[in-house]
Every structure is written in C-alpha cells, then in structure tokens.
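Encoded as structure tokens, the structure appears first; notes follow it.
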Amino acid sequence: MTAPSGPAPAGAPAVRCRSLGVSFGAVRALHGVSLELAPGRIHALVGQNGAGKTTLAKVLGGLQVPDTGDVHIAGKEIPPGDVSAAKAAGLAMVHQHFSLPPSFTVAEALELTAARPGGRAVYRRGDLQQRWRDDVAEIGGTAALSTRIRDLPVEARQSLEIVRALATEASVLLLDEPTALLTPVATDALFERLRHLRDSGVTVLVVLHKLREVAAVADTVSVLRDGELVLGPAEMSEVSQGRLSDAIVGPADHADDEVGVRAIAHDQETLLELAGVSSGESAFEPGLSGVDLRVEAGEIVGVAGVEGNGQRSLVSVIAGLSPLSEGSIHIDGDEMTAAAPARRRMRGLRLVPFDRNTEGVSQSAPLWLNQSALRLIGREGLETLYPPRRGWVHSVHSPGSSDRGPRQMARLLNDWWQRRSPLISLRQYKWQATQAMDRWRVRYDNVTQPAESLSGGNIQRLILSRELDSGLEALVAAQPTRGLDFAATEFVRRSLRGLRDAGAGVLLISSDLDELFELSDRLLVMYGGQIVARFDGPYDRRAVGDAMTGAVR
Amino acid sequence: MTSGLRRAASTVVLVVVSFLITALILRVSGYSVGDVLSGIIQGAITATGASTSSIRWAIPLLLIALGVVIGFRAGFFNIGGQGQFYMGACSALAISLGWREGPAGLVILCGTLAAMLAGVLWSLFPGWLRVRFGTDEVLTTLMMSFIGALVLQYLTAGPMRNPQGTGQTAASERIPEAFRLTGGSGVSLTVLLLVAGVTVLVWLVLERTRFGLTMTLVGRNATMARWQGINVRRVGLGAFALSGALAGLAGAVELYGPAARLVTGFSPEVGFTAVVVALVGLLNVWGTVVAAIFFGGLQAAILFLPIVTDLPPPALVLLHGMVAFLVTIKFRAVRRRRAAQAEAQAG
C-alpha cells in the first residue's frame, strides 16, 4: 500500500462510476448503476437484502470485475478488478465478512494488515499492543490486544475490521454494513468517528440497513433496488422518511403481512423459569452468576445488554447445550436442569439461535430437511406435534371419494403402517415442510434446494417456520432480526407479537434497544453474566443504557 | 436429478482419463496397450469364470464401501475397513473352528454376528476417540487397520495356525465344508441374496429412517444438529458402529464364501479399494453398487492378466491408484468450490 493521497482535488467527485453492470449467471446483481459522490461527505447506501449493495461496494473496491462500466476514485480511473490500484487511489474498505488472519493476536493482525507508518520488521508483542491500544479503545472494542482473532466473538471481529480501515488514513472509506453486528453504543461511537473523519476531509460511503442510522449519520443517501439505483445520491434534508422507505421496498407487496402463528396450549402459567443459575465461563464470555428469570405465558421478556455479557451462555444453558454449575431450570413446570436438549425441545422449548447460518440451518442440506429437523429428535414427544399423517393422505388422495370397502381397509392399513414402521415417508415430510414454509412465507422454488440458496431474511423465515410452527410453549429468540432488511425485520417482530398474543412465552435477546422497547413487556439487563436491572415499560433509554454499561449494580 | 447425472458423468470421465493415463504409462514402458485392454476385458468378463470372479471381488468391496458411505453421511471418514474386515473374518473363524460339531446354520449365524460385533468394536474405538476427544478418525481408523492386519498375522502364525500346513505363508485350518455358503468361486445364490438384502437395508436406513436423516444433518452441520436437540455424539457412534458392522460382515462372507481359511495378509487391498469405490460411487448406495462391480471386475482382471500378458500384477494397481487420485482431487475441488460459492452468495 502506498501513502494516502489526501483529499481529492476540489470539484472532482471522490468516487464516480458509470453504468456498472454485474451478473452472476442469470442473476443481475447490478444494472446500469452510475453514481457520483462528492468529496468530504458521508454517503449512505441502502437497500434490501440482495439489492446489490455489497456487489457495488466490491466493484468500487476492485474486488469484483464489472461486466460493464468503469470506476474512478479521486479522479483516477481504476482498472477493473485491481485492488491495489483502488488502494493506491486512497480507498480503504471494511468488509461485511471478516478478513483478519485467525491465528494472529489482535495487535499482530492490525499491525500486519493496516500498514500504518512507523512499524518495524522485528517487533515485540508488548510494543505492538501499546501502538494499537488507543485505536481499539476508541471504537469501544473490549478485546484484549493479546487475544487471538479466532477466539473473538463476531462482534469484536467486526469492530477490529473498522479499526484497521480507519487506521490506514485513506481519503475514501467504504464500509459494508459495519453496524450489523455492533451494539447501539458502539454504533454511536462509530458514527462519531465517521463524522470526525468527514470533517478532516475524508469521503465516507457506508452501506446501512436501518433508516434510523441513515438519518443519524448520512449527509446524502442512495438507494439500490434489484440492482438498480432508484434514488440518489440525494441530500438527506431533501428526502422524507416515507419516500426513502418507498424507494427501498418498491411497489407495495403486502402478501407478507399475515403471520402463521397458531394458538398455543400450555399447562402452566410460568413457561420458563431459571432460579439462581450459574455456569462456567466460555471462551469469550463470562459465565452466568445467579441468574433468576421467569417468562410467563403471553409475555415477551426482553434481555438487553452489550454483547458478550453472558447472553450466549444464557441461551446455551437454557437450550441444554452447556452445563450449569448451580441453580435450576423449569420448562412449562417440569424440572429440566439436567435434561438432554432433546427433552427440552419436546417439552416445548424453541430456539432462534444467534447465528442463523451455522446454528440455525445446515447450509448444504435441502430445505425440507432443515425444516423437518425437529421431527428427528424423538419418536414419542414429537408424534403428538406432527400427527404422523393427518392431512397427508386426505390431501394427496381425494378426500371422501369412497370411504367404504377395500379403500378404507387400505387406508387403515396405511395408517397403521405409518405409525408403526421404522420407515418414514419422505413425501409426508416434504408435504409438511411445504405447508409450514408456505404459512411462514418462505420464498423458494423447490423443497429440495439447499438452504444456502435462500437470502438471509428467507433463512430466518425458514427457521421460524420450524421453531414456531408446532408444539411451541416457550421461545428463546437470540438476535432474531440482526442483519435482516426492513421487510424481514417487520415480519419477525410481527411473528413474535403474534406468538405472545397466542399465549406463548418469549425471551427476546437483542442488542437493538429500539426493538426491545417496542416488543418487550418487561426488560432485563445483563452485565457481566448477571441480571443487573429489571424494567417495566415505558422504558427510560438513559436508565437502560446506564445499566448496560454496568453503572447500576 | 440432472445435477446427479452430471456428477455421475464427470466421475465416468475421470475413470476414463485414469485409463488413458495408465495406458500412456504402459505404452511408454513398452507394453502393448491393445493386449492389456483385451486382457482386462477377458479377465473381467469374457474368459471362463471371469464374470463370476468379478462378482466375487465386488462383494467384499461393496459391503465395506457401504460402511464408508454410512460414515460419510454422518461426516466421518472411516478408512479402516481393512482392519474391521480382518477382525470380522478372524472372529467368524474362531467360532467356526471352535464349534465344528455345531449345526451349520447356527454356527454360520453366530459366526456372522460375531464378525459384525468385532467390526463394530474395531471401528467404535476410533469413533469414541473422535466424538470424545476430537481425534482425527482418518488417522486412527487407518492405524487400527494396521493393528488388525498384525492381529491376523499373529493368529494365523500362532494360535490358529494349521499344524499340517505346508505352504510358505502362515494359514489357519479350513472350516468344515458344511459351513461354506459358496464353492471356491465365491458366488452363490445365498450370498447374492444376502448382499442384495444388506444393500437395500442400508439404503432404507440412510434414506428412509429418522436415524438416516439425523446422520445427514449431523454430517452436514453438527452445530446446527446440536441446536436442534440431536445427540451428535450418539449419532456419530451409531454411524461408526454400522460402518464397522458392514466391514465385519464382509469378513464373515469372505470366510464362509471363497476363503474357507485365513491366510496372512489375504485380500490386502480390499479395505482401501472400498474407500475409492465409495467415492467413485458418489457416496450414494446405488452408485456404490455400480462402482463395486466395476472395481470387482478390475480386481479379477488384475489376477488374470499375468496369465495372458507379461504384465506384472502391480501394473494395474497403478490404475486403482490413478482413479483414487483423480477422484480425491475432484472431491476436494468440489468441496472447495462449494465453500467459495456459499461465501459469494452470502455477500
């Protein structure tokens, strides 16, 4: 990397691209995108999942060769797909995915990849940590500089990517969804830092998901929809919120409004209860200490907290994936402190895990198998949840056409075989999966396509269709809307409310305070593995924020 | 299904390419490719008893390869079929020699069950190491194979050695003729029905039972399976056990079929060739059947060729190696491409 070239000459746009087009096979990721970004401002780029934001960012950064069009940075034309030319022209990029070497310590990774002037060929770890301490602290990173990258949670890795890009002193900074994994506090800190950079002459292009964030930080906004630039770059002061969301969503599509929640039957009022639960600490999180919480039927209990304060431990203890050292857990009135995960599931515990792509679905497995996963854990408990053949025979064969004689015999025999045989009917599995996915508005072509072919929002719908569709009593939803676009986020929130109204108990873990305030009937705040505060609505943002930083003990 | 066809076609292409490369090497070494090719066809199909011999070799390959397929389904690479096969054969032999007077049917049944049990134990140990400590099962199953081969050597040279034996290699006594399911050809209706039944059973377990689907989920993403409440360790152990049972069964079939006695280091490559068979069969039951018959034919040809050409037997083992090599490369490349695609799509 060469020395930064400083602010672009006045008049020339910092970034200019003309009629960019990119296709992946039959999919048109970008089409005729022309964009000019004035220097020294913060430009926001928004759009739904799959609108082409990341592709555009990659083309600008030289990581993706466009089929048509050209890119100029600070007045210089960048040869298509030339990363180093883009860097030399003063562009630095923060990726949505992580690119720091996993086996390096934080300080080593920053030193190696940021190429800040003043480094030496031979180093001592202590010196390096000294060099980078302030940068990490500034972004609100809590990671020790001697930690290895692979031991860090995703949130911390994300903030390090930003530290690295900020340190390169580029004239154009390109951030691809930098806030997707950040806490509100860290997001504010990041925005402050971006404003500071802008004031010193740097041009910032930031891909964002939330309108609130766009309004908070951007000077201009551009909207991509289906690979085309439909708005902008427009001054924020001249664009109304309504026009912006119309541009993003496009012609109204309200087919998604309905949510497939079914009424819930439960035996007890308290569906999930933790009493004095403590657990050992995990690789990057404090263990729980003395956690008491109850989730009653018909309420959403929110759990706020800066990530890494024990939320993962909490969820995995409830799920039965990691052991607890003290305390007890009851699910729907039954003691489940030491029960296997499968028993908890059968008792009505449902989970929306933190990371939908690795914990929530199996990427390469077909949709129907992902959808049917809960049916595999046991014969007894789930048989009542998925009646072996109700609906199937009656819908596949014509209902009631001839109910007497040999046909009835055949049906009874078939019934008996379905219940008794160790063999399963794939047709019935697929049929049931189709039904559930349709109820939850999953968009797919074929039940046999792999889960990885779905977009993030659709994968979350798939997970909901599995977890919420049958036998649910208590749901633990961990970051259920993280990284989702507007429409999908709204869908998930509607689903959670629908569940609550149908009588389920929901424990909602989120780092999005707005979401928590909007949905929670009660709010708990976690800090350092403990529940340090409990709130009832209406919530005081300030008080909750203080509790999240541990100011209230 | 079209993608399945495409994968099958590309595997056929790989096999053809392996043939071409082997032919080239033979040519350069001064052999007549035409003679060798006609020798292969004679040895595998047309010569007297050749097709029987092909089937005879396909049987153990198929049984062990099905075990490999099962292991793969759950995400494990059990390449120790050879040792499990030997241990199965030894157990069946011990039962059969120890209870010579017993009713044939019962002895065969007990011997077969003992063989499967021995296979299970021989693969369950590396399996347990894997699920308990995360030890790489490729290494441990391979090591267990060597131990198995040495156990066989010890038994045939020591406690089970035929005192009247005159051959140069150590061998056991023969089991009573009544216990044999086939003649020396190694093929009979009983054995064919048995193998066909086992194949169908394996297919049913893999594709039409909860356990099979569970294995698929665990093999593709164990983290997700854990979150779904699946006991990943138990499923893994189950897969290892089934895998070993099939290799053990192959050992019993070998003993009660063509072998009748055990010789130090008999069928030395069958366990390893079976891994190639499973890969060429695209880790799919029916594909594996086809691949097993193909490699059975090749094995028969390898034994036949020295009779009609001056080709030394190892020359055709080259072909095996070439197929294994190319198939492995393709297997890795496909995985890597898939990973890259997934990343691109996520972006």
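Here's how to read the names in the structure tokens: chain A, B, ... by the order shown, residue numbers from 1 in each chain, ligand numbers from 1 in the order shown.
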
Could you make a table, as JSON lines, of the residues of chain A that have an atom within 8 Å of an atom of chain B, each with its nearest atom pair and distance in Å to one decimal, counting only C-alpha atoms, in chain and number order?
{"residue": "A:Thr54", "atom": "CA", "partner": "B:Gly347", "partner_atom": "CA", "distance": 6.2}
{"residue": "A:Thr55", "atom": "CA", "partner": "B:Gly347", "partner_atom": "CA", "distance": 7.4}
{"residue": "A:Gln96", "atom": "CA", "partner": "B:Gly347", "partner_atom": "CA", "distance": 7.7}
{"residue": "A:His97", "atom": "CA", "partner": "B:Gly347", "partner_atom": "CA", "distance": 7.9}
{"residue": "A:Ala319", "atom": "CA", "partner": "B:Trp227", "partner_atom": "CA", "distance": 7.5}
{"residue": "A:Leu321", "atom": "CA", "partner": "B:Arg226", "partner_atom": "CA", "distance": 7.5}
{"residue": "A:Ala340", "atom": "CA", "partner": "B:Gly229", "partner_atom": "CA", "distance": 7.6}
{"residue": "A:Pro341", "atom": "CA", "partner": "B:Gly229", "partner_atom": "CA", "distance": 4.6}
{"residue": "A:Ala342", "atom": "CA", "partner": "B:Gly229", "partner_atom": "CA", "distance": 4.3}
{"residue": "A:Arg343", "atom": "CA", "partner": "B:Gly229", "partner_atom": "CA", "distance": 7.9}
{"residue": "A:Arg345", "atom": "CA", "partner": "B:Gly229", "partner_atom": "CA", "distance": 6.6}
{"residue": "A:Leu351", "atom": "CA", "partner": "B:Trp227", "partner_atom": "CA", "distance": 7.9}
{"residue": "A:Pro353", "atom": "CA", "partner": "B:Trp227", "partner_atom": "CA", "distance": 7.8}
{"residue": "A:Thr358", "atom": "CA", "partner": "B:Met224", "partner_atom": "CA", "distance": 6.2}
{"residue": "A:Glu359", "atom": "CA", "partner": "B:Met224", "partner_atom": "CA", "distance": 4.3}
{"residue": "A:Gly360", "atom": "CA", "partner": "B:Met224", "partner_atom": "CA", "distance": 5.7}
{"residue": "A:Val361", "atom": "CA", "partner": "B:Met224", "partner_atom": "CA", "distance": 5.9}
{"residue": "A:Ser362", "atom": "CA", "partner": "B:Asn221", "partner_atom": "CA", "distance": 5.3}
{"residue": "A:Gln363", "atom": "CA", "partner": "B:Asn221", "partner_atom": "CA", "distance": 7.8}
{"residue": "A:Ser364", "atom": "CA", "partner": "B:Arg220", "partner_atom": "CA", "distance": 6.8}
{"residue": "A:Ala365", "atom": "CA", "partner": "B:Arg220", "partner_atom": "CA", "distance": 6.8}
{"residue": "A:Leu369", "atom": "CA", "partner": "B:Leu213", "partner_atom": "CA", "distance": 7.7}
{"residue": "A:Ala373", "atom": "CA", "partner": "B:Gln228", "partner_atom": "CA", "distance": 6.7}
{"residue": "A:Leu374", "atom": "CA", "partner": "B:Gln228", "partner_atom": "CA", "distance": 6.1}
{"residue": "A:Leu376", "atom": "CA", "partner": "B:Arg210", "partner_atom": "CA", "distance": 5.5}
{"residue": "A:Ile377", "atom": "CA", "partner": "B:Ile230", "partner_atom": "CA", "distance": 5.7}
{"residue": "A:Pro422", "atom": "CA", "partner": "B:Thr209", "partner_atom": "CA", "distance": 6.3}
{"residue": "A:Leu423", "atom": "CA", "partner": "B:Thr209", "partner_atom": "CA", "distance": 4.9}
{"residue": "A:Ile424", "atom": "CA", "partner": "B:Arg208", "partner_atom": "CA", "distance": 5.4}
{"residue": "A:Ser425", "atom": "CA", "partner": "B:Arg208", "partner_atom": "CA", "distance": 6.9}
{"residue": "A:Leu426", "atom": "CA", "partner": "B:Arg208", "partner_atom": "CA", "distance": 7.1}
{"residue": "A:Glu452", "atom": "CA", "partner": "B:Ala342", "partner_atom": "CA", "distance": 6.6}
{"residue": "A:Ser453", "atom": "CA", "partner": "B:Gln345", "partner_atom": "CA", "distance": 7.5}
{"residue": "A:Ser455", "atom": "CA", "partner": "B:Ala346", "partner_atom": "CA", "distance": 7.7}

Grab the residues selected above and save them as a short mmCIF file (atom, residue, chain, number, x, y, z; two decimals), in the first residue's frame with C-alpha atoms.
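Wrote it out as part-v6.cif, contents follow:
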data_model
loop_
_atom_site.label_atom_id
_atom_site.label_comp_id
_atom_site.auth_asym_id
_atom_site.auth_seq_id
_atom_site.Cartn_x
_atom_site.Cartn_y
_atom_site.Cartn_z
CA THR A 54 -22.36 -5.47 -1.35
CA THR A 55 -21.71 -6.09 -5.02
CA GLN A 96 -19.06 -7.37 5.84
CA HIS A 97 -17.19 -10.64 6.23
CA ALA A 319 -31.04 -25.00 25.46
CA LEU A 321 -26.01 -27.21 25.26
CA ALA A 340 -30.91 -33.50 27.47
CA PRO A 341 -31.55 -30.88 24.78
CA ALA A 342 -33.99 -33.20 23.03
CA ARG A 343 -36.23 -33.49 26.11
CA ARG A 345 -37.34 -29.41 22.81
CA LEU A 351 -34.88 -21.58 19.82
CA PRO A 353 -30.13 -19.14 17.58
CA THR A 358 -24.35 -22.03 11.17
CA GLU A 359 -26.55 -22.69 14.19
CA GLY A 360 -29.93 -22.19 12.62
CA VAL A 361 -29.71 -24.08 9.36
CA SER A 362 -27.50 -26.54 7.61
CA GLN A 363 -26.47 -24.62 4.51
CA SER A 364 -25.98 -27.56 2.19
CA ALA A 365 -28.95 -29.62 3.38
CA LEU A 369 -34.68 -31.50 5.85
CA ALA A 373 -35.08 -31.21 11.78
CA LEU A 374 -37.16 -31.13 14.96
CA LEU A 376 -35.85 -36.26 14.07
CA ILE A 377 -35.09 -35.99 17.76
CA PRO A 422 -39.47 -47.55 11.43
CA LEU A 423 -39.52 -46.20 7.91
CA ILE A 424 -40.65 -42.68 7.29
CA SER A 425 -42.43 -41.18 4.36
CA LEU A 426 -40.31 -38.54 2.68
CA GLU A 452 -27.76 -21.69 1.21
CA SER A 453 -29.70 -20.64 -1.88
CA SER A 455 -31.48 -14.92 1.31
#

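Residues in contact with Asn78 of chain B at 7 Å, where only C-alpha atoms are counted and same-chain residues fewer than 2 positions away are skipped, are listed as Val68, Gly71, Phe76, Gly80, Gly81, Glu137, Val138 and Thr141 of chain B.
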
Tell me, counting only C-alpha atoms, for each residue of segment 15-61 of chain B within 12 Å of segment 271-274 of chain B, which pair of atoms is nearest and how far apart they are in Å to one decimal, in rows ordered by chain and increasing number, as JSON lines.
{"residue": "B:Trp57", "atom": "CA", "partner": "B:Ala274", "partner_atom": "CA", "distance": 10.7}
{"residue": "B:Ala58", "atom": "CA", "partner": "B:Ala274", "partner_atom": "CA", "distance": 9.5}
{"residue": "B:Ile59", "atom": "CA", "partner": "B:Ala274", "partner_atom": "CA", "distance": 10.4}
{"residue": "B:Pro60", "atom": "CA", "partner": "B:Ala274", "partner_atom": "CA", "distance": 8.2}
{"residue": "B:Leu61", "atom": "CA", "partner": "B:Ala274", "partner_atom": "CA", "distance": 5.0}

* Considering only C-alpha atoms, state which residue in the set B:Ile55, B:Ile307, B:Ala259, B:Leu14 is at the smallest distance from Phe295 of chain B. => B:Ile55

* **Long-range neighbours of segment 15-19 of chain B as a list in words, 10 Å cut-off, only C-alpha atoms, 2 positions minimum in chain** => Ala9, Ser10, Thr11, Val12, Val13, Ile21, Thr22, Ala23, Leu24, Ile25, Leu37, Val280, Leu316, Leu318, Leu319, His320, Gly321, Met322, Val323, Ala324, Phe325, Leu326 and Val327 of chain B

* Structure fact -> Among B:Leu97, B:Leu237, B:Leu109, B:Ala157, Arg130 of chain B is approached most closely, using only C-alpha atoms, by B:Leu237

* Of the candidates A:Ser146, A:Val163, A:Arg500, A:Asp415, which shows the shortest atom-to-atom distance to Ala297 of chain A, using only C-alpha atoms? ->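 Using only C-alpha atoms, the shortest distance to Ala297 of chain A belongs to A:Arg500.
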
* Asked: Where does DSSP see strand (DSSP E or B) in segment 162-347 of chain A, if you list the residues as a VMD selection string?
  -> chain A and resid 172 to 176 203 to 207 220 to 225 228 to 235 270 to 278 291 to 296 299 to 304 326 to 331 334 to 335

* **Gly83 of chain B surroundings by only C-alpha atoms, 7 Å radius, close-in-sequence under 3 positions cut, as a list of chain:residue names** => B:Gly80, B:Tyr86, B:Met87, B:Met144, B:Ser145, B:Phe146, B:Gly148, B:Ala149

Please save C-alpha atoms of the selected residues as a PDB file, in the first residue's frame.
ATOM      1  CA  GLY B  80     -10.158 -48.535   8.385  1.00  0.00           C
ATOM      2  CA  TYR B  86      -9.843 -58.839   9.134  1.00  0.00           C
ATOM      3  CA  MET B  87     -11.199 -58.788  12.664  1.00  0.00           C
ATOM      4  CA  MET B 144      -6.411 -49.634  13.673  1.00  0.00           C
ATOM      5  CA  SER B 145      -6.214 -51.255  10.255  1.00  0.00           C
ATOM      6  CA  PHE B 146      -2.527 -51.980  10.689  1.00  0.00           C
ATOM      7  CA  GLY B 148      -5.901 -55.571  12.634  1.00  0.00           C
ATOM      8  CA  ALA B 149      -3.510 -56.851   9.980  1.00  0.00           C
TER       9      ALA B 149
END

* To do: Considering only C-alpha atoms, return as a list in words whatever protein or nucleic-acid residues lie within 10 Å of Leu311 of chain B, sequence-local ones (same chain, fewer than 6 positions apart) excluded.
  =>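 The contact residues come out as Leu26, Tyr31, Ser32, Asp35, Val36, Ile302 and Leu305 of chain B.
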
* Asked: Quick one: distance from atom CA of Gly88 of chain B to atom CA of Leu139 of chain B in Å, one decimal?
  ->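 Separating atom CA of Gly88 of chain B from atom CA of Leu139 of chain B is a distance of 20.6 Å.
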
* Using only C-alpha atoms, which of A:His330, A:Arg41, A:Arg534, A:Arg344 sits nearest Leu194 of chain A? ->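 That would be A:Arg41, the residue with the smallest distance to Leu194 of chain A.
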
* Given only C-alpha atoms as the counted atoms, nearest of B:Gly184, B:Pro314, B:Gln168, B:Gly127 to Arg233 of chain B -> B:Gly127
